[in-house]
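Content type mmCIF, C-alpha atoms, from the file data-v2.cif:
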data_input
loop_
_atom_site.label_atom_id
_atom_site.label_comp_id
_atom_site.auth_asym_id
_atom_site.auth_seq_id
_atom_site.Cartn_x
_atom_site.Cartn_y
_atom_site.Cartn_z
CA MET A 1 -18.93 -37.96 -18.59
CA GLY A 2 -16.30 -37.40 -15.92
CA LYS A 3 -14.97 -33.99 -15.13
CA ARG A 4 -12.03 -32.98 -17.29
CA GLN A 5 -8.67 -32.82 -15.57
CA PRO A 6 -5.47 -31.06 -16.70
CA GLU A 7 -2.84 -33.34 -18.15
CA GLY A 8 0.50 -33.83 -16.43
CA PRO A 9 1.53 -33.94 -12.78
CA PRO A 10 -0.05 -31.63 -10.20
CA PRO A 11 1.83 -28.43 -9.31
CA ALA A 12 4.54 -28.66 -6.65
CA PRO A 13 3.29 -27.74 -3.16
CA ALA A 14 4.27 -24.51 -1.43
CA VAL A 15 6.91 -24.99 1.28
CA GLN A 16 7.49 -21.35 2.23
CA ARG A 17 5.60 -18.06 2.16
CA ILE A 18 7.33 -14.68 1.97
CA ARG A 19 5.68 -11.36 2.79
CA LEU A 20 6.94 -8.25 1.01
CA ARG A 21 6.53 -4.51 1.44
CA TYR A 22 6.83 -2.36 -1.66
CA THR A 23 6.48 1.30 -2.61
CA LYS A 24 4.93 3.45 -5.35
CA ARG A 25 7.02 6.60 -5.72
CA GLY A 26 7.34 9.53 -8.08
CA ARG A 27 5.63 9.10 -11.45
CA LEU A 28 5.08 5.42 -10.68
CA ARG A 29 2.23 6.48 -8.38
CA PHE A 30 0.15 6.68 -11.56
CA THR A 31 0.52 2.94 -12.24
CA SER A 32 -2.63 0.92 -11.72
CA HIS A 33 -2.73 -2.21 -9.58
CA ARG A 34 -2.90 -4.26 -12.79
CA ASP A 35 0.24 -2.49 -14.06
CA PHE A 36 2.05 -3.39 -10.85
CA GLN A 37 0.93 -7.03 -11.09
CA ARG A 38 2.38 -7.33 -14.59
CA ALA A 39 5.68 -5.69 -13.54
CA PHE A 40 5.93 -7.92 -10.46
CA GLU A 41 5.27 -11.15 -12.35
CA ARG A 42 7.98 -10.18 -14.85
CA ALA A 43 10.34 -9.57 -11.92
CA LEU A 44 9.53 -13.02 -10.52
CA ARG A 45 10.57 -14.58 -13.82
CA ARG A 46 13.74 -12.49 -14.16
CA ALA A 47 14.81 -13.33 -10.61
CA GLU A 48 14.03 -17.04 -11.21
CA VAL A 49 11.92 -17.26 -8.08
CA PRO A 50 10.66 -20.85 -7.50
CA MET A 51 6.99 -19.86 -7.42
CA ALA A 52 4.17 -22.17 -6.40
CA TYR A 53 1.36 -22.27 -8.96
CA SER A 54 -2.36 -22.88 -8.73
CA ALA A 55 -3.88 -26.05 -10.18
CA GLY A 56 -6.25 -26.19 -13.15
CA PHE A 57 -6.08 -25.48 -16.86
CA THR A 58 -4.73 -21.93 -16.41
CA PRO A 59 -2.16 -22.09 -13.57
CA HIS A 60 -1.01 -18.77 -12.18
CA PRO A 61 1.64 -17.88 -9.58
CA LYS A 62 0.39 -17.82 -6.01
CA VAL A 63 0.62 -14.12 -5.17
CA SER A 64 -1.77 -12.55 -2.64
CA TYR A 65 -2.12 -8.76 -2.80
CA ALA A 66 -3.48 -6.88 0.21
CA ASN A 67 -5.40 -3.59 0.12
CA ALA A 68 -3.67 -1.87 -2.81
CA ALA A 69 -3.60 1.94 -2.87
CA PRO A 70 -5.77 3.70 -5.47
CA THR A 71 -4.22 4.67 -8.81
CA GLY A 72 -2.62 8.11 -8.60
CA THR A 73 -1.63 7.87 -4.94
CA GLY A 74 1.92 7.25 -3.77
CA SER A 75 2.69 4.72 -1.08
CA GLU A 76 5.48 3.66 1.23
CA ALA A 77 3.53 0.68 2.57
CA GLU A 78 2.01 -1.76 0.08
CA TYR A 79 2.04 -5.46 0.93
CA LEU A 80 1.83 -8.83 -0.78
CA GLU A 81 2.61 -12.49 -0.07
CA ILE A 82 4.15 -15.10 -2.38
CA ALA A 83 4.27 -18.88 -2.05
CA LEU A 84 7.48 -20.75 -2.98
CA THR A 85 8.20 -24.39 -3.84
CA GLU A 86 11.76 -24.08 -2.48
CA PRO A 87 12.91 -22.14 0.60
CA ARG A 88 14.76 -18.87 0.06
CA ASP A 89 16.43 -16.31 2.32
CA PRO A 90 13.91 -13.41 2.49
CA GLU A 91 16.49 -10.61 2.28
CA ARG A 92 18.33 -12.13 -0.67
CA LEU A 93 15.02 -12.70 -2.43
CA ARG A 94 13.99 -9.09 -1.74
CA ALA A 95 17.22 -7.76 -3.27
CA LEU A 96 16.83 -9.88 -6.40
CA LEU A 97 13.24 -8.78 -6.91
CA ASP A 98 14.04 -5.13 -6.26
CA GLU A 99 16.76 -5.21 -8.94
CA SER A 100 14.20 -6.54 -11.40
CA MET A 101 11.53 -3.89 -10.71
CA PRO A 102 11.28 -0.39 -12.25
CA ALA A 103 12.69 2.45 -10.14
CA GLY A 104 9.82 3.79 -8.05
CA LEU A 105 8.26 0.35 -7.58
CA ASP A 106 10.73 -0.72 -4.91
CA ILE A 107 10.72 -3.91 -2.81
CA VAL A 108 11.88 -2.58 0.56
CA ASP A 109 11.18 -5.30 3.13
CA ALA A 110 10.73 -9.07 3.28
CA VAL A 111 9.98 -11.60 6.02
CA GLU A 112 9.07 -15.26 6.10
CA ALA A 113 5.39 -15.73 6.99
CA ARG A 114 5.34 -17.21 10.48
CA ALA A 115 2.20 -15.75 12.05
CA SER A 116 -1.49 -15.28 11.20
CA GLY A 117 -2.82 -13.91 7.91
CA LEU A 118 -1.32 -10.65 6.66
CA ALA A 119 -4.61 -9.15 5.53
CA ASP A 120 -5.97 -9.41 9.09
CA ARG A 121 -3.22 -7.05 10.27
CA LEU A 122 -4.05 -4.27 7.82
CA THR A 123 -6.77 -2.48 9.76
CA ALA A 124 -5.79 1.18 9.24
CA SER A 125 -3.64 3.48 7.11
CA VAL A 126 -1.67 6.68 7.66
CA TRP A 127 -1.92 9.13 4.76
CA GLU A 128 -0.23 12.43 3.89
CA LEU A 129 -2.17 14.92 1.78
CA ARG A 130 -0.30 17.82 0.13
CA LEU A 131 -2.74 20.64 -0.67
CA ASP A 132 -0.91 23.01 -3.00
CA GLY A 133 -2.35 26.52 -3.02
CA VAL A 134 -4.07 26.12 0.37
CA GLY A 135 -2.93 28.33 3.26
CA PRO A 136 -2.11 26.78 6.65
CA GLU A 137 -4.83 28.72 8.47
CA ASP A 138 -7.49 27.65 5.97
CA ALA A 139 -6.37 24.05 6.32
CA ARG A 140 -6.47 24.20 10.14
CA ARG A 141 -9.97 25.71 10.13
CA ALA A 142 -11.21 22.99 7.80
CA VAL A 143 -9.60 20.25 9.91
CA ASP A 144 -11.19 21.64 13.08
CA ALA A 145 -14.61 21.74 11.42
CA PHE A 146 -14.25 18.16 10.17
CA ASN A 147 -13.10 16.83 13.56
CA ALA A 148 -15.93 18.63 15.36
CA ALA A 149 -18.63 17.22 13.08
CA PRO A 150 -20.48 14.13 14.42
CA ALA A 151 -20.89 12.89 10.84
CA VAL A 152 -19.76 14.07 7.41
CA GLU A 153 -21.77 12.65 4.53
CA VAL A 154 -20.07 12.43 1.15
CA GLN A 155 -20.98 10.90 -2.17
CA ARG A 156 -18.97 8.61 -4.43
CA ARG A 157 -19.88 7.34 -7.86
CA THR A 158 -19.66 3.55 -8.11
CA LYS A 159 -20.52 1.03 -10.81
CA ASN A 160 -23.94 0.73 -9.17
CA GLY A 161 -24.55 4.48 -9.12
CA VAL A 162 -23.94 7.27 -6.62
CA ARG A 163 -23.47 6.11 -3.01
CA THR A 164 -23.75 8.31 0.09
CA PHE A 165 -21.84 7.40 3.27
CA ASP A 166 -20.26 8.91 6.38
CA ALA A 167 -16.59 9.79 5.92
CA ARG A 168 -16.13 10.97 9.53
CA SER A 169 -16.66 7.75 11.48
CA ALA A 170 -13.64 5.95 9.98
CA VAL A 171 -11.21 8.83 10.63
CA VAL A 172 -9.15 8.20 13.76
CA MET A 173 -7.00 11.32 13.39
CA LEU A 174 -6.86 14.29 11.04
CA GLU A 175 -4.43 17.12 11.68
CA SER A 176 -2.58 19.89 9.89
CA ALA A 177 1.13 19.05 9.89
CA GLU A 178 4.25 21.01 8.95
CA THR A 179 3.73 23.14 5.85
CA HIS A 180 6.03 24.00 2.99
CA SER A 181 6.08 26.83 0.48
CA SER A 182 7.63 24.48 -2.09
CA PRO A 183 7.81 20.69 -2.58
CA PRO A 184 10.40 18.73 -0.56
CA ASP A 185 13.62 17.35 -1.99
CA ALA A 186 13.68 13.85 -3.38
CA GLY A 187 13.83 11.07 -0.80
CA ALA A 188 11.91 8.27 0.85
CA GLY A 189 8.23 9.05 0.83
CA SER A 190 8.75 12.03 -1.50
CA THR A 191 8.05 12.44 -5.17
CA GLY A 192 11.13 14.63 -5.67
CA ALA A 193 11.13 18.28 -6.72
CA ALA A 194 10.42 17.65 -10.40
CA ASP A 195 7.64 15.14 -9.76
CA ALA A 196 6.10 17.24 -7.00
CA ALA A 197 6.02 20.23 -9.32
CA LEU A 198 4.26 18.06 -11.89
CA LEU A 199 1.72 16.94 -9.29
CA THR A 200 1.14 20.17 -7.42
CA GLY A 201 1.84 22.92 -9.95
CA PRO A 202 3.71 26.15 -9.20
CA THR A 203 5.82 26.34 -6.05
CA ASP A 204 5.52 30.07 -5.27
CA HIS A 205 2.36 29.80 -3.18
CA PRO A 206 1.36 28.07 0.09
CA CYS A 207 1.07 24.33 0.51
CA ALA A 208 -0.76 22.78 3.45
CA ILE A 209 0.14 19.28 4.68
CA LEU A 210 -2.52 17.10 6.30
CA ARG A 211 -1.92 13.83 8.16
CA LEU A 212 -4.74 11.33 8.27
CA VAL A 213 -5.23 8.01 10.08
CA VAL A 214 -8.26 6.11 8.78
CA ARG A 215 -9.69 2.71 9.67
CA HIS A 216 -10.22 0.17 6.91
CA VAL A 217 -14.00 -0.18 6.90
CA THR A 218 -16.72 -1.10 4.40
CA PRO A 219 -17.35 0.93 2.35
CA ALA A 220 -13.73 2.04 2.35
CA VAL A 221 -13.09 5.68 3.26
CA ARG A 222 -10.33 6.99 0.99
CA PRO A 223 -8.34 10.22 1.19
CA ASP A 224 -10.40 11.76 -1.62
CA ASP A 225 -13.54 11.07 0.46
CA VAL A 226 -12.00 13.02 3.34
CA LEU A 227 -11.19 15.86 0.92
CA SER A 228 -14.84 15.82 -0.18
CA GLY A 229 -15.79 16.01 3.50
CA LEU A 230 -13.52 19.03 4.04
CA ARG A 231 -15.20 20.70 1.11
CA ALA A 232 -18.63 19.91 2.57
CA VAL A 233 -17.97 21.20 6.11
CA ALA A 234 -15.56 24.08 5.43
CA ASP A 235 -15.72 24.80 1.69
CA LEU A 236 -12.06 23.81 1.37
CA ALA A 237 -11.32 23.30 -2.33
CA PRO A 238 -7.64 23.07 -3.37
CA PRO A 239 -7.02 24.73 -6.75
CA VAL A 240 -5.13 21.63 -8.00
CA PRO A 241 -5.54 17.93 -7.14
CA ALA A 242 -4.00 16.88 -3.85
CA ALA A 243 -0.81 14.79 -3.89
CA VAL A 244 -1.61 11.81 -1.66
CA THR A 245 0.87 9.34 -0.18
CA ARG A 246 0.24 6.37 2.10
CA LEU A 247 2.94 6.48 4.76
CA ALA A 248 2.00 3.30 6.64
CA GLN A 249 -0.66 0.66 7.06
CA GLY A 250 -1.06 -2.02 9.67
CA LEU A 251 -2.79 -2.80 12.95
CA LEU A 252 -4.43 0.18 14.65
CA ASP A 253 -3.51 0.71 18.30
CA GLU A 254 -6.81 2.02 19.64
CA GLU A 255 -5.21 3.51 22.77
CA THR A 256 -2.61 5.63 20.99
CA GLY A 257 -4.20 5.96 17.55
CA THR A 258 -0.97 4.78 15.92
CA VAL A 259 -0.56 2.20 13.16
CA THR A 260 1.94 -0.59 13.87
CA ASP A 261 4.20 -2.54 11.50
CA PRO A 262 2.21 -5.53 10.14
CA LEU A 263 5.39 -7.55 9.54
CA ALA A 264 6.57 -7.25 13.15
CA PRO A 265 4.77 -10.44 14.35
CA ASP A 266 6.61 -12.47 11.68
CA ARG A 267 9.97 -11.01 12.70
CA GLU A 268 9.25 -11.69 16.37
CA ALA A 269 8.20 -15.27 15.59
CA ALA A 270 11.41 -15.81 13.61
CA VAL A 271 13.44 -14.94 16.72
CA THR A 272 11.58 -17.39 18.96
CA GLU A 273 11.09 -20.24 16.47
CA PRO A 274 13.99 -22.36 15.19
CA GLN A 275 14.77 -21.84 11.52
CA SER A 276 13.92 -24.78 9.28
CA ALA A 277 16.81 -26.82 7.88
CA GLY A 278 15.82 -25.96 4.31
CA ALA A 279 15.67 -22.23 4.99
CA THR A 280 19.04 -22.39 6.76
CA ALA A 281 20.61 -24.14 3.79
CA ALA A 282 19.15 -21.60 1.40
CA ALA A 283 20.37 -18.69 3.50
CA THR A 284 23.93 -20.03 3.66
CA ALA A 285 24.23 -21.34 0.10
CA PRO A 286 26.66 -19.44 -2.15
CA ALA A 287 25.15 -17.03 -4.70
#

As structure tokens - that is how I would like this structure written.
Amino acid sequence: MGKRQPEGPPPAPAVQRIRLRYTKRGRLRFTSHRDFQRAFERALRRAEVPMAYSAGFTPHPKVSYANAAPTGTGSEAEYLEIALTEPRDPERLRALLDESMPAGLDIVDAVEARASGLADRLTASVWELRLDGVGPEDARRAVDAFNAAPAVEVQRRTKNGVRTFDARSAVVMLESAETHSSPPDAGAGSTGAADAALLTGPTDHPCAILRLVVRHVTPAVRPDDVLSGLRAVADLAPPVPAAVTRLAQGLLDEETGTVTDPLAPDREAAVTEPQSAGATAAATAPA
């Protein structure tokens, strides 16, 4: 017997790819990646985005997610790519999608894909760790001990059992940043006073702030692995769970140790390449 084939015409081909940056802020940091996927697919339908679909008996919208942050961590720099069957102006599309998403899951940037794969540009992340109840001097001593160690072995429980690996080799930079005696006001990259109090507990004691740049390696080294390393080398144990936020992710500049914007190559290519006729029409069409 021949192989079964779905009935009806094949799905329309993709003619444009859009790359988006989105955030997880406030209480929405506790949403899982699956929760975000469901919210985003609902937003695609509400905004009537002309999505390209996969072939087969169970077609699904062509959305590629890249290196999602763990559940419980905030982020200012999550990325995904969508494929469209009709060209759209990236900024107008971003605004429509952002209006259709819950507050805290915000679509903040959009570019047309014009350069190499997005996932290849996500080689490192910048993280902020708020350690409520930890004094600045204790944090600095722990950071110095971690940076001085040639290797810091930590353990993580996985579906295949407990795994031991080096958390030090992937860390490009770890430093103690500006400290606060109480959570910051609400704003970009912040949970807001009420949410921060929920995450970090009382505000009448010290709070150390750590900044971390870590390479994306296998196995992945996450902020909680670095916290386990700080506990191992300096017995640093915050009295409440750390509030963790990804501030950026992108290509690592090995000379400076900084992380660059992964959407910059697409923006630069858009300046040097002529815009397609379809995209121009879409950008100038009335709403």

Rank A:Ser64, A:Pro9, A:Ser75, A:Tyr22 by their smallest atom-to-atom distance to A:Ala95, using only C-alpha atoms, and report the top residue only.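 For A:Ala95, the nearest of the candidates is A:Tyr22.
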
With distances taken over all atoms listed in the file, which residue among A:Met101, A:Ser116, A:Val240, A:Leu252 lies nearest A:Met173? A:Leu252

Contacts of stretch 221-238 of chain A within 7 Å, all atoms listed in the file, excl. fewer than 5 positions in-chain, as a list in words: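 The neighbour list is Leu131, Asp132, Gly133, Val134, Ala142, Ala145, Phe146, Val152, Glu153, Val154, Ala167 and Ala170 of chain A.
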
Counting only C-alpha atoms, which residue out of A:Thr158, A:Arg130, A:Val172, A:Asp166 sits closest to A:Pro206? A:Arg130

The residue from A:Leu129, A:Ala39, A:Leu96, A:Ala269 with the smallest atom-to-atom distance to A:Glu112, counting only C-alpha atoms, is A:Ala269

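For the choices A:His216, A:Ala208, A:Ser125, A:Arg29, the atom-to-atom distance to A:Pro70 is smallest for A:Arg29 when using only C-alpha atoms.
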
Closest of A:Asn67, A:Ser100, A:Thr218, A:Asn160 to A:Gln249 - atom-to-atom distances counting only C-alpha atoms: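 For A:Gln249, the nearest of the given residues is A:Asn67.
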
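Across the structure, atom CA of A:Leu122 and atom CA of A:Pro262 are spaced 6.8 Å apart.
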